[in-house]
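What's in query-v9.txt: compact mmCIF, C-alpha atoms
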# COMPACT_ATOMS: atom_id res chain seq x y z
CA MET A 9 39.56 133.58 109.42
CA THR A 10 42.33 134.28 111.93
CA ARG A 11 45.59 135.55 110.45
CA PHE A 12 49.00 135.14 112.07
CA SER A 13 51.95 137.48 111.57
CA ILE A 14 55.50 137.70 112.87
CA ARG A 15 56.42 140.88 114.63
CA PRO A 16 59.19 142.88 112.89
CA ARG A 17 61.79 142.36 115.66
CA LEU A 18 61.20 138.59 115.73
CA GLN A 19 61.26 138.52 111.96
CA ARG A 20 64.67 140.23 111.94
CA SER A 21 65.98 137.75 114.58
CA LEU A 22 64.83 134.74 112.58
CA LEU A 23 66.40 136.13 109.42
CA ALA A 24 69.70 136.73 111.23
CA ALA A 25 69.64 133.20 112.64
CA LEU A 26 69.00 131.78 109.18
CA VAL A 27 71.94 133.74 107.73
CA LEU A 28 74.24 132.65 110.57
CA GLY A 29 73.13 129.03 110.21
CA THR A 30 73.81 129.07 106.48
CA ALA A 31 77.25 130.58 107.07
CA ALA A 32 78.01 127.96 109.71
CA SER A 33 77.00 125.15 107.35
CA ALA A 34 79.23 126.61 104.65
CA ALA A 35 82.12 126.81 107.10
CA LEU A 36 81.65 123.14 108.02
CA ALA A 37 81.59 122.06 104.38
CA GLU A 38 85.00 120.73 103.39
CA LYS A 39 86.84 119.46 100.35
CA VAL A 40 88.28 116.10 101.42
CA ARG A 41 91.53 115.66 99.52
CA ILE A 42 93.10 112.28 98.82
CA ALA A 43 96.74 111.96 97.74
CA TYR A 44 97.09 109.01 95.35
CA ILE A 45 100.71 107.80 95.64
CA ASP A 46 101.60 105.35 92.86
CA PRO A 47 103.64 105.16 89.61
CA LEU A 48 102.56 107.85 87.16
CA SER A 49 105.73 107.58 85.06
CA GLY A 50 108.02 104.74 84.00
CA PRO A 51 107.11 101.14 83.08
CA PHE A 52 104.11 100.92 85.44
CA ALA A 53 102.60 104.31 84.56
CA GLU A 54 99.71 102.84 82.56
CA THR A 55 98.43 101.11 85.68
CA GLY A 56 98.96 104.11 87.95
CA ILE A 57 97.28 106.60 85.62
CA ASN A 58 94.28 104.33 85.11
CA VAL A 59 93.79 103.91 88.86
CA LEU A 60 94.22 107.65 89.49
CA ARG A 61 91.53 108.36 86.91
CA SER A 62 89.34 105.71 88.54
CA TRP A 63 89.57 107.49 91.90
CA GLN A 64 88.86 110.80 90.21
CA LEU A 65 85.82 109.54 88.31
CA VAL A 66 84.31 107.99 91.43
CA ALA A 67 85.01 111.24 93.32
CA GLU A 68 83.01 113.07 90.63
CA ILE A 69 80.14 110.61 91.10
CA ALA A 70 80.31 110.96 94.89
CA ASN A 71 80.23 114.76 94.61
CA ARG A 72 77.34 114.74 92.13
CA GLU A 73 75.31 112.26 94.19
CA ASN A 74 76.18 113.96 97.49
CA TRP A 75 77.54 110.84 99.21
CA ALA A 76 78.80 112.93 102.14
CA PRO A 77 76.34 115.84 102.38
CA GLY A 78 78.13 119.15 102.72
CA HIS A 79 81.49 117.71 101.63
CA THR A 80 83.19 117.07 98.31
CA PHE A 81 86.15 114.88 97.33
CA GLU A 82 89.27 115.58 95.30
CA VAL A 83 91.97 113.06 94.33
CA VAL A 84 95.42 114.27 93.25
CA GLY A 85 98.26 112.10 91.90
CA PHE A 86 101.73 111.89 93.48
CA ASP A 87 104.27 109.95 91.38
CA ASN A 88 106.24 107.43 93.45
CA LYS A 89 107.87 105.78 90.38
CA ALA A 90 106.98 102.36 91.91
CA ASN A 91 109.70 102.90 94.50
CA PRO A 92 109.32 102.63 98.31
CA GLN A 93 111.71 105.52 98.99
CA GLU A 94 109.89 107.75 96.51
CA SER A 95 106.65 106.71 98.19
CA LEU A 96 107.95 108.07 101.49
CA ALA A 97 109.00 111.32 99.80
CA MET A 98 105.52 111.67 98.30
CA LEU A 99 103.92 110.93 101.67
CA LYS A 100 105.92 113.78 103.22
CA SER A 101 104.91 116.07 100.37
CA ALA A 102 101.26 115.16 100.86
CA SER A 103 101.51 115.73 104.61
CA ASP A 104 103.26 119.07 104.13
CA ASN A 105 100.43 120.14 101.81
CA GLY A 106 97.72 119.27 104.31
CA TYR A 107 96.45 115.95 102.95
CA ARG A 108 94.91 113.73 105.63
CA TYR A 109 94.02 110.76 103.39
CA ILE A 110 96.24 108.81 101.03
CA ALA A 111 95.71 105.94 98.59
CA GLN A 112 98.21 103.50 97.04
CA GLY A 113 98.17 99.98 95.69
CA PHE A 114 100.93 99.13 93.23
CA GLY A 115 103.63 97.23 95.10
CA SER A 116 103.56 95.76 98.58
CA GLY A 117 107.08 97.08 99.21
CA SER A 118 105.76 100.63 98.92
CA ALA A 119 102.69 99.71 100.95
CA LEU A 120 104.74 98.32 103.84
CA ALA A 121 106.98 101.40 103.80
CA LEU A 122 103.93 103.68 103.91
CA VAL A 123 102.36 101.80 106.81
CA ASP A 124 105.55 102.05 108.87
CA ALA A 125 105.88 105.76 108.08
CA LEU A 126 102.25 106.47 108.90
CA ASN A 127 102.49 104.69 112.24
CA LYS A 128 105.39 106.96 113.18
CA HIS A 129 103.89 110.14 111.71
CA ASN A 130 100.55 109.69 113.45
CA GLN A 131 102.18 108.95 116.80
CA ARG A 132 104.38 112.05 116.56
CA ASN A 133 101.72 114.40 115.17
CA PRO A 134 98.48 114.15 117.16
CA GLY A 135 95.74 116.11 115.47
CA LYS A 136 97.38 115.65 112.04
CA GLU A 137 96.80 111.92 111.61
CA MET A 138 96.59 110.43 108.12
CA VAL A 139 94.61 107.39 106.91
CA TYR A 140 95.68 105.06 104.07
CA PHE A 141 93.39 103.29 101.58
CA ASN A 142 95.17 100.36 99.91
CA THR A 143 93.64 99.51 96.53
CA SER A 144 95.62 96.38 95.64
CA ALA A 145 98.87 95.72 97.55
CA GLY A 146 98.22 92.17 98.72
CA ASP A 147 101.03 91.16 101.08
CA PRO A 148 99.24 89.30 103.93
CA ASP A 149 101.52 91.00 106.48
CA LEU A 150 99.61 94.23 105.80
CA THR A 151 96.54 92.72 107.45
CA GLY A 152 98.51 90.30 109.64
CA ALA A 153 101.82 90.72 111.44
CA LYS A 154 102.23 94.35 110.36
CA CYS A 155 98.59 95.43 110.44
CA SER A 156 97.91 99.04 111.35
CA PHE A 157 94.88 100.97 112.56
CA TRP A 158 95.66 103.59 109.89
CA HIS A 159 95.67 101.12 106.98
CA PHE A 160 92.51 99.92 105.19
CA SER A 161 92.90 97.06 102.70
CA LEU A 162 90.29 97.30 99.93
CA ASP A 163 91.55 94.27 97.98
CA SER A 164 91.57 90.68 99.23
CA ASN A 165 95.07 89.74 100.35
CA ALA A 166 97.31 87.16 98.69
CA ASP A 167 96.56 84.42 101.22
CA VAL A 168 92.80 84.81 100.66
CA LYS A 169 93.29 84.57 96.90
CA MET A 170 95.71 81.65 97.13
CA ASN A 171 93.33 79.76 99.41
CA ALA A 172 90.51 80.23 96.90
CA MET A 173 92.79 79.40 93.97
CA ALA A 174 94.10 76.29 95.74
CA GLU A 175 90.54 75.08 96.35
CA MET A 176 89.72 75.39 92.66
CA ILE A 177 92.96 73.75 91.59
CA ALA A 178 92.47 70.88 94.03
CA ALA A 179 88.97 70.30 92.64
CA ASN A 180 90.39 69.86 89.13
CA LYS A 181 91.86 66.35 89.09
CA ALA A 182 93.64 67.04 85.79
CA ILE A 183 95.98 69.47 87.57
CA LYS A 184 98.85 67.65 89.26
CA ARG A 185 101.98 69.62 88.35
CA VAL A 186 102.23 73.33 89.27
CA TYR A 187 104.96 75.83 88.36
CA LEU A 188 105.38 79.06 90.38
CA LEU A 189 106.76 82.19 88.68
CA ASN A 190 106.58 85.32 90.81
CA PRO A 191 108.24 88.73 91.28
CA ASN A 192 111.12 88.73 93.74
CA TYR A 193 109.74 91.09 96.37
CA ALA A 194 107.40 90.86 99.36
CA LEU A 195 104.18 89.88 97.57
CA GLY A 196 105.74 87.40 95.15
CA GLN A 197 107.61 85.70 97.99
CA GLN A 198 104.39 85.45 100.01
CA VAL A 199 102.51 83.93 97.05
CA SER A 200 105.28 81.36 96.58
CA ARG A 201 105.18 80.46 100.27
CA ALA A 202 101.38 80.19 100.35
CA ALA A 203 101.24 78.02 97.22
CA LYS A 204 103.84 75.60 98.58
CA GLU A 205 101.90 75.32 101.83
CA GLN A 206 98.31 75.25 100.62
CA LEU A 207 98.34 73.25 97.39
CA PRO A 208 99.86 70.02 98.77
CA ALA A 209 97.75 70.40 101.93
CA LYS A 210 94.55 70.44 99.89
CA ARG A 211 95.58 67.54 97.64
CA ALA A 212 98.60 65.42 98.42
CA ASP A 213 99.27 64.41 94.79
CA ILE A 214 99.85 68.00 93.64
CA GLU A 215 103.55 68.59 92.94
CA ILE A 216 105.34 71.94 92.79
CA VAL A 217 107.63 71.35 89.79
CA GLY A 218 109.26 74.80 89.75
CA ASP A 219 109.55 77.88 91.95
CA ASP A 220 111.15 80.82 90.14
CA LEU A 221 111.45 84.46 91.23
CA HIS A 222 112.19 87.24 88.73
CA PRO A 223 113.47 90.79 89.39
CA PHE A 224 110.64 93.29 89.85
CA GLY A 225 110.30 95.76 86.98
CA GLN A 226 113.64 94.91 85.40
CA VAL A 227 113.10 91.97 83.02
CA LYS A 228 112.78 93.03 79.38
CA ASP A 229 112.31 89.56 77.88
CA PHE A 230 110.52 86.76 79.72
CA ALA A 231 111.27 84.15 77.05
CA PRO A 232 113.96 82.42 79.18
CA TYR A 233 111.55 82.21 82.13
CA VAL A 234 108.79 80.81 79.92
CA ALA A 235 111.17 78.25 78.35
CA LYS A 236 112.29 77.15 81.82
CA ALA A 237 108.69 76.79 82.95
CA ALA A 238 107.73 74.81 79.82
CA ALA A 239 110.67 72.43 80.38
CA ALA A 240 109.20 71.45 83.76
CA LYS A 241 106.02 70.26 81.97
CA PRO A 242 103.52 71.78 84.41
CA ASP A 243 99.75 71.58 84.07
CA ILE A 244 99.45 75.24 85.13
CA VAL A 245 101.70 78.22 85.91
CA ILE A 246 100.80 80.48 88.85
CA THR A 247 102.06 84.07 88.82
CA ALA A 248 101.56 87.20 90.91
CA SER A 249 103.49 89.33 88.41
CA ALA A 250 101.79 92.65 87.63
CA GLY A 251 101.91 95.67 85.34
CA SER A 252 104.49 95.64 82.57
CA ASP A 253 106.10 92.51 84.08
CA LEU A 254 102.88 90.55 83.58
CA ALA A 255 102.29 92.06 80.13
CA LEU A 256 105.75 90.93 79.00
CA LEU A 257 105.27 87.51 80.59
CA ILE A 258 101.93 87.02 78.83
CA LYS A 259 103.46 88.12 75.51
CA ALA A 260 106.35 85.67 75.94
CA ALA A 261 103.94 82.85 76.83
CA ARG A 262 101.84 83.62 73.76
CA ASP A 263 104.88 83.83 71.44
CA TYR A 264 106.27 80.58 72.84
CA ASN A 265 102.82 78.98 72.54
CA LEU A 266 103.07 77.88 76.16
CA ALA A 267 100.54 75.06 76.59
CA PRO A 268 99.66 75.26 80.31
CA PRO A 269 97.37 78.14 81.26
CA LEU A 270 98.54 81.03 83.43
CA TYR A 271 96.72 81.35 86.75
CA THR A 272 97.23 85.01 87.61
CA TYR A 273 96.58 87.49 90.40
CA TYR A 274 96.66 90.67 88.32
CA ALA A 275 95.70 89.90 84.72
CA VAL A 276 92.43 91.73 85.43
CA ALA A 277 94.22 95.06 85.54
CA PRO A 278 95.07 97.99 83.27
CA GLY A 279 97.42 97.24 80.39
CA MET A 280 96.80 93.50 80.21
CA ALA A 281 94.10 93.23 77.54
CA VAL A 282 96.22 94.10 74.50
CA PRO A 283 99.13 91.76 75.37
CA MET A 284 96.62 88.94 75.85
CA GLY A 285 94.53 89.63 72.73
CA ALA A 286 92.90 86.74 70.91
CA GLY A 287 95.95 84.50 71.35
CA SER A 288 95.43 84.13 75.09
CA ALA A 289 91.77 83.12 74.95
CA GLY A 290 91.24 80.23 77.34
CA LYS A 291 94.88 80.40 78.45
CA VAL A 292 94.79 83.10 81.14
CA ARG A 293 92.73 82.87 84.31
CA ALA A 294 92.35 85.16 87.29
CA LEU A 295 90.53 85.58 90.59
CA PRO A 296 89.42 89.23 90.88
CA TYR A 297 87.02 90.77 93.38
CA TRP A 298 85.09 92.31 90.42
CA HIS A 299 85.22 92.69 86.64
CA ALA A 300 83.20 94.61 84.08
CA ASN A 301 81.14 91.64 82.87
CA GLU A 302 79.89 91.03 86.40
CA SER A 303 77.20 93.53 85.50
CA ASN A 304 74.68 95.43 87.59
CA PRO A 305 73.20 98.91 86.98
CA ALA A 306 75.68 100.75 89.25
CA SER A 307 78.62 98.84 87.79
CA ASP A 308 77.58 99.43 84.19
CA ALA A 309 77.12 103.16 84.81
CA VAL A 310 80.71 103.50 86.13
CA VAL A 311 82.18 101.36 83.33
CA GLU A 312 80.44 103.39 80.65
CA ALA A 313 81.17 106.77 82.24
CA PHE A 314 84.87 105.90 82.49
CA LYS A 315 85.02 104.79 78.86
CA ALA A 316 83.22 107.96 77.74
CA LYS A 317 85.50 110.27 79.74
CA PHE A 318 88.90 108.62 79.24
CA ASN A 319 88.44 106.24 76.27
CA ASP A 320 89.76 103.53 78.57
CA ASP A 321 88.49 100.61 80.63
CA TYR A 322 87.55 100.81 84.30
CA PHE A 323 89.22 97.98 86.22
CA VAL A 324 89.75 98.88 89.88
CA SER A 325 86.42 98.89 91.71
CA THR A 326 88.23 99.22 95.03
CA THR A 327 88.24 102.94 94.19
CA TYR A 328 84.44 102.81 94.43
CA THR A 329 84.54 100.76 97.63
CA GLY A 330 87.08 103.12 99.19
CA LEU A 331 85.09 106.28 98.52
CA ARG A 332 81.87 104.61 99.69
CA LEU A 333 83.55 103.73 102.98
CA LEU A 334 85.12 107.16 103.36
CA ALA A 335 81.88 109.01 102.59
CA GLN A 336 79.78 106.90 104.94
CA GLY A 337 82.51 107.09 107.58
CA ILE A 338 82.37 110.89 107.41
CA VAL A 339 78.59 110.85 107.72
CA LYS A 340 78.65 108.43 110.65
CA ALA A 341 81.46 110.30 112.44
CA GLY A 342 79.92 113.71 111.73
CA SER A 343 83.47 114.81 110.95
CA THR A 344 86.25 114.60 108.36
CA ASP A 345 88.86 114.06 111.10
CA PRO A 346 90.73 110.90 109.98
CA ILE A 347 90.89 109.29 113.41
CA LYS A 348 87.13 109.69 113.92
CA VAL A 349 86.42 108.48 110.39
CA ALA A 350 88.71 105.46 110.86
CA PHE A 351 86.80 104.37 113.95
CA ALA A 352 83.50 104.98 112.15
CA MET A 353 84.46 102.76 109.20
CA GLU A 354 85.20 99.70 111.35
CA ASP A 355 82.74 96.85 110.75
CA MET A 356 80.93 99.11 108.26
CA GLN A 357 78.98 97.56 105.38
CA VAL A 358 78.65 99.39 102.07
CA ASP A 359 77.15 98.60 98.69
CA SER A 360 79.97 98.42 96.16
CA LEU A 361 80.10 97.29 92.54
CA ASN A 362 80.58 93.65 93.59
CA GLY A 363 77.72 93.64 96.09
CA ARG A 364 77.55 94.38 99.80
CA VAL A 365 80.99 94.27 101.40
CA THR A 366 82.19 94.53 105.01
CA LEU A 367 85.21 96.32 106.45
CA ARG A 368 86.39 93.94 109.19
CA LYS A 369 87.29 95.76 112.40
CA ALA A 370 89.90 93.23 113.50
CA ASP A 371 92.36 93.86 110.64
CA HIS A 372 90.76 96.53 108.40
CA GLN A 373 90.39 94.02 105.55
CA VAL A 374 87.40 94.33 103.19
CA LEU A 375 85.51 91.03 103.09
CA GLN A 376 84.07 90.51 99.62
CA PRO A 377 83.37 87.88 96.96
CA LEU A 378 85.91 86.66 94.42
CA PHE A 379 85.23 85.62 90.83
CA ALA A 380 86.96 82.80 88.99
CA VAL A 381 87.33 84.16 85.45
CA THR A 382 88.81 83.13 82.10
CA TRP A 383 89.93 85.37 79.22
CA ALA A 384 87.46 84.70 76.40
CA LYS A 385 85.84 86.13 73.28
CA ALA A 386 83.31 88.86 74.07
CA GLY A 387 79.81 89.20 72.67
CA GLY A 388 78.10 86.09 74.01
CA ALA A 389 75.98 85.60 77.10
CA GLY A 390 77.58 87.27 80.12
CA MET A 391 80.24 88.84 77.89
CA ARG A 392 78.84 92.31 77.27
CA TYR A 393 82.14 94.19 77.59
CA ASP A 394 85.42 93.59 75.83
CA LEU A 395 88.63 95.21 77.06
CA GLY A 396 91.24 97.24 75.21
CA LYS A 397 89.14 97.01 72.03
CA THR A 398 90.43 93.45 71.62
CA GLY A 399 87.05 91.76 71.20
CA HIS A 400 87.88 89.73 74.32
CA GLY A 401 87.11 90.10 78.00
CA TRP A 402 86.61 88.21 81.22
CA ARG A 403 84.05 85.42 81.56
CA THR A 404 82.83 84.42 85.00
CA ASP A 405 83.25 80.70 85.60
CA GLU A 406 82.30 80.78 89.27
CA ARG A 407 81.28 83.35 91.89
CA LEU A 408 82.80 82.66 95.30
CA PRO A 409 80.83 84.46 98.04
CA ALA A 410 82.66 86.35 100.77
CA GLU A 411 81.77 83.83 103.45
CA LYS A 412 83.40 81.06 101.40
CA VAL A 413 86.73 82.83 100.80
CA THR A 414 87.19 84.77 104.06
CA LEU A 415 90.09 83.63 106.25
CA PRO A 416 90.65 84.34 109.95
CA THR A 417 93.11 87.08 110.80
CA THR A 418 96.30 87.02 112.88
CA CYS A 419 96.29 90.82 113.30
CA ALA A 420 96.95 92.14 116.80
CA MET A 421 96.13 95.77 116.12
CA GLN A 422 97.47 98.58 118.28
CA ARG A 423 94.59 101.04 118.53
CA PRO A 424 94.69 104.73 119.47
CA ASN A 425 92.37 106.14 122.08
CA ALA A 426 89.03 107.20 120.65
CA SER A 427 88.53 110.93 121.13

As structure tokens, what does this structure read like?
Amino acid sequence: MTRFSIRPRLQRSLLAALVLGTAASAALAEKVRIAYIDPLSGPFAETGINVLRSWQLVAEIANRENWAPGHTFEVVGFDNKANPQESLAMLKSASDNGYRYIAQGFGSGSALALVDALNKHNQRNPGKEMVYFNTSAGDPDLTGAKCSFWHFSLDSNADVKMNAMAEMIAANKAIKRVYLLNPNYALGQQVSRAAKEQLPAKRADIEIVGDDLHPFGQVKDFAPYVAKAAAAKPDIVITASAGSDLALLIKAARDYNLAPPLYTYYAVAPGMAVPMGAGSAGKVRALPYWHANESNPASDAVVEAFKAKFNDDYFVSTTYTGLRLLAQGIVKAGSTDPIKVAFAMEDMQVDSLNGRVTLRKADHQVLQPLFAVTWAKAGGAGMRYDLGKTGHGWRTDERLPAEKVTLPTTCAMQRPNAS
């Protein structure tokens, strides 16, 4: 039998090459840090803390499962107090500390301020560009008139949701009178506009019987707003209120025993379950991109891991979508450089908790399904999870596939040169 051996000099050369290669791989490995800029104190802190923990849990999963081989992820919270000016201060702090990726979602006013600031920062600081993952700020301008190459919208925007909601409302012949009650800032104004345009266009006999705007984050008692809405005798009330505003509105509606159901944008969010409780069963509806009872193995694993770690409910699956896109973008680009990753993510498809979703190149909007849901008693078929230990959760009434709810975009994106 012939035996082969490596000569000592060659053996030493191969060993040295192996050591150098290992060192080079270690040098290329990087901790990708994401600055999460949202309210972590004040009336909206419950939402912000829950979403921060959601990012952090998914980062742990991504690190454990090696989503971006050789790289790990870390998410750190920056408290913007739900204020656009504080958001800009936190963006500067993140930039000064070397963060190249940011995430935010609570409040379109903050989102629009961040987009404008990032456009300027990235133009003035080549080589230090930053990319922004938007978990939930839904102003259509963010993916329309004010779209930005640096902004990636993980939630479906307000026009997409209103179009889907209007289709469902138009199909229900019992709904003829609609009352609008929204926060008086960018998103609420856009929802009001879209409802007044789309509802009568889809069914001419639908009447808008009230259009009220309330101060954002300032109302302590929504009873006068609920009484005013009830006096208009609507069949439904549509609201894009969120956080503590929505919790107080739901409580006031329950205490007043408001008859028409609330059609909401953000009732499927942290802090809403307890205010709804048993008294809102059948009276609150929503149109999320995902919810816990839309079960699959990956979804259930995240829901249960979050509950075990934080004794809380996982709501915001855009955190999962965002890290999937970022990880696969890094792999595709062969780099953690934000500008290379941004180009790599365009038209990318990833498997998220709500199925396979697409990041549209034209406007950086994630195209995904929506789910028509109703607050209902948990425990029956399709109602595995309750929320907030209330014994109630979300029931899927209808799944609307991405191709059914996707709208064309008006974005005319200014794109940097690919390096």

(request) Could you give me, as a PyMOL selection string, the residues that have an atom at most 10 Å away from the point (94.2, 108.9, 102.4) in the coordinates of the file, using all atoms listed in the file? (result) chain A and resi 40-45+83+99+102+107-112+138-142+158-160+330+334+346

Store the residues picked out above in a file with C-alpha atoms, as a compact mmCIF listing (two decimals), in the coordinates of the input.
# COMPACT_ATOMS: atom_id res chain seq x y z
CA VAL A 40 88.28 116.10 101.42
CA ARG A 41 91.53 115.66 99.52
CA ILE A 42 93.10 112.28 98.82
CA ALA A 43 96.74 111.96 97.74
CA TYR A 44 97.09 109.01 95.35
CA ILE A 45 100.71 107.80 95.64
CA VAL A 83 91.97 113.06 94.33
CA LEU A 99 103.92 110.93 101.67
CA ALA A 102 101.26 115.16 100.86
CA TYR A 107 96.45 115.95 102.95
CA ARG A 108 94.91 113.73 105.63
CA TYR A 109 94.02 110.76 103.39
CA ILE A 110 96.24 108.81 101.03
CA ALA A 111 95.71 105.94 98.59
CA GLN A 112 98.21 103.50 97.04
CA MET A 138 96.59 110.43 108.12
CA VAL A 139 94.61 107.39 106.91
CA TYR A 140 95.68 105.06 104.07
CA PHE A 141 93.39 103.29 101.58
CA ASN A 142 95.17 100.36 99.91
CA TRP A 158 95.66 103.59 109.89
CA HIS A 159 95.67 101.12 106.98
CA PHE A 160 92.51 99.92 105.19
CA GLY A 330 87.08 103.12 99.19
CA LEU A 334 85.12 107.16 103.36
CA PRO A 346 90.73 110.90 109.98

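Take the candidates A:Lys128, A:Gly279, A:Lys181, A:Lys317 and check each one against Ala212 (chain A) using only C-alpha atoms; the shortest distance goes to A:Lys181.
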
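The residue that comes closest to Leu331 (chain A), out of A:Tyr264, A:Phe351, A:Trp63, A:Trp298 and on the basis of all atoms listed in the file, is A:Trp63.
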
(request) Tell me, in Å to one decimal, how far CA of Gly387 (chain A) is from CA of Thr327 (chain A). (result)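 The value is 26.9 Å.
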
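In terms of minimum interatomic distance to Pro92 (chain A), A:Ala194 ranks closest within A:Ala194, A:Lys340, A:Asp104, A:Leu189, counting all atoms listed in the file.
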
(message) Restricting the calculation to all atoms listed in the file: of A:Glu38, A:Leu415, A:Ile347, A:Met176, which residue gets closest to Lys136 (chain A)?
(response)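 Result for the nearest residue to Lys136 (chain A): A:Ile347.
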
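Take CA of His79 (chain A) and CA of Val59 (chain A): the distance between them is 22.5 Å.
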
(message) Report as a ChimeraX atom specification all protein, DNA and RNA residues lying within 12 Å of Arg403 (chain A), evaluated on only C-alpha atoms, omitting residues in the same chain fewer than 4 positions from it.
(response) /A:276,289-290,292-296,298-303,379-395,407

(request) In the coordinates of the file, take the point (78.2, 99.7, 93.4) and a cut-off of 9 Å; then, counting all atoms listed in the file, name each qualifying protein, DNA or RNA residue as a PyMOL selection string. (result) chain A and resi 304-307+310+325+328-329+332+358-364

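Proximity ranking of A:Gly337, A:Gly251, A:Gly218, A:Gly135 relative to Ala277 (chain A) places A:Gly251 first, based on only C-alpha atoms.
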
(message) Taking all atoms listed in the file into account, name the residue in A:Asn58, A:Ser200, A:Asn171, A:Ser161 that is nearest to Ser116 (chain A).
(response)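 Closest to Ser116 (chain A) of all the choices is A:Ser161.
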
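Reported to one decimal place, the separation of CA of Ser49 (chain A) from CA of Asp124 (chain A) is 24.4 Å.
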
(request) Tell me which protein, DNA and RNA residues are within 8 Å of Met98 (chain A), counting only C-alpha atoms, leaving out same-chain ones fewer than 6 positions away, and put them as a list of chain:residue names. (result) A:Ile45, A:Phe86, A:Asp87, A:Asn88

(message) So that I can check the surroundings of Gln376 (chain A), please list as an MDAnalysis selection string every protein, DNA and RNA residue that reaches within 8 Å of it, counting all atoms listed in the file and ignoring chain neighbours fewer than 6 positions away.
(response) chainID A and resid 164 297 362:366 409:410 414

(request) Considering only C-alpha atoms, return as an NGL selection string whatever protein or nucleic-acid residues lie within 10 Å of region 285-288 of chain A, sequence-local ones (same chain, fewer than 4 positions apart) excluded. (result) :A and (258-259 or 261-263 or 265-266 or 269-270 or 280-281 or 292-293 or 382-385 or 395-401)

Copy region 218-231 of chain A out of the block into a file, keeping N, CA and C atoms, as a PDB file, in the first residue's frame.
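What ended up in selection_25.pdb:
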ATOM      1  N   GLY A 218     -69.198  61.656  10.360  1.00  0.00           N
ATOM      2  CA  GLY A 218     -68.377  62.416  11.297  1.00  0.00           C
ATOM      3  C   GLY A 218     -66.907  62.233  10.965  1.00  0.00           C
ATOM      4  N   ASP A 219     -66.143  63.296  11.163  1.00  0.00           N
ATOM      5  CA  ASP A 219     -64.701  63.255  10.876  1.00  0.00           C
ATOM      6  C   ASP A 219     -64.004  64.087  11.947  1.00  0.00           C
ATOM      7  N   ASP A 220     -63.557  63.413  13.005  1.00  0.00           N
ATOM      8  CA  ASP A 220     -63.013  64.099  14.175  1.00  0.00           C
ATOM      9  C   ASP A 220     -61.535  63.753  14.326  1.00  0.00           C
ATOM     10  N   LEU A 221     -60.735  64.767  14.686  1.00  0.00           N
ATOM     11  CA  LEU A 221     -59.311  64.580  14.946  1.00  0.00           C
ATOM     12  C   LEU A 221     -59.017  64.964  16.397  1.00  0.00           C
ATOM     13  N   HIS A 222     -58.290  64.106  17.106  1.00  0.00           N
ATOM     14  CA  HIS A 222     -57.960  64.397  18.504  1.00  0.00           C
ATOM     15  C   HIS A 222     -56.462  64.653  18.655  1.00  0.00           C
ATOM     16  N   PRO A 223     -56.055  65.443  19.657  1.00  0.00           N
ATOM     17  CA  PRO A 223     -54.628  65.685  19.889  1.00  0.00           C
ATOM     18  C   PRO A 223     -53.890  64.373  20.165  1.00  0.00           C
ATOM     19  N   PHE A 224     -52.696  64.253  19.634  1.00  0.00           N
ATOM     20  CA  PHE A 224     -51.897  63.037  19.765  1.00  0.00           C
ATOM     21  C   PHE A 224     -51.222  62.998  21.136  1.00  0.00           C
ATOM     22  N   GLY A 225     -51.539  61.946  21.911  1.00  0.00           N
ATOM     23  CA  GLY A 225     -50.876  61.731  23.189  1.00  0.00           C
ATOM     24  C   GLY A 225     -51.226  62.714  24.282  1.00  0.00           C
ATOM     25  N   GLN A 226     -52.324  63.425  24.145  1.00  0.00           N
ATOM     26  CA  GLN A 226     -52.663  64.447  25.137  1.00  0.00           C
ATOM     27  C   GLN A 226     -54.023  64.243  25.793  1.00  0.00           C
ATOM     28  N   VAL A 227     -54.918  63.493  25.174  1.00  0.00           N
ATOM     29  CA  VAL A 227     -56.270  63.314  25.708  1.00  0.00           C
ATOM     30  C   VAL A 227     -56.246  62.317  26.866  1.00  0.00           C
ATOM     31  N   LYS A 228     -56.805  62.709  27.990  1.00  0.00           N
ATOM     32  CA  LYS A 228     -56.853  61.835  29.163  1.00  0.00           C
ATOM     33  C   LYS A 228     -58.179  61.099  29.284  1.00  0.00           C
ATOM     34  N   ASP A 229     -59.219  61.659  28.675  1.00  0.00           N
ATOM     35  CA  ASP A 229     -60.561  61.060  28.767  1.00  0.00           C
ATOM     36  C   ASP A 229     -61.231  61.177  27.400  1.00  0.00           C
ATOM     37  N   PHE A 230     -61.487  60.046  26.773  1.00  0.00           N
ATOM     38  CA  PHE A 230     -62.095  60.043  25.443  1.00  0.00           C
ATOM     39  C   PHE A 230     -63.622  59.996  25.488  1.00  0.00           C
ATOM     40  N   ALA A 231     -64.202  60.095  26.679  1.00  0.00           N
ATOM     41  CA  ALA A 231     -65.663  60.026  26.784  1.00  0.00           C
ATOM     42  C   ALA A 231     -66.364  61.068  25.914  1.00  0.00           C
TER      43      ALA A 231
END
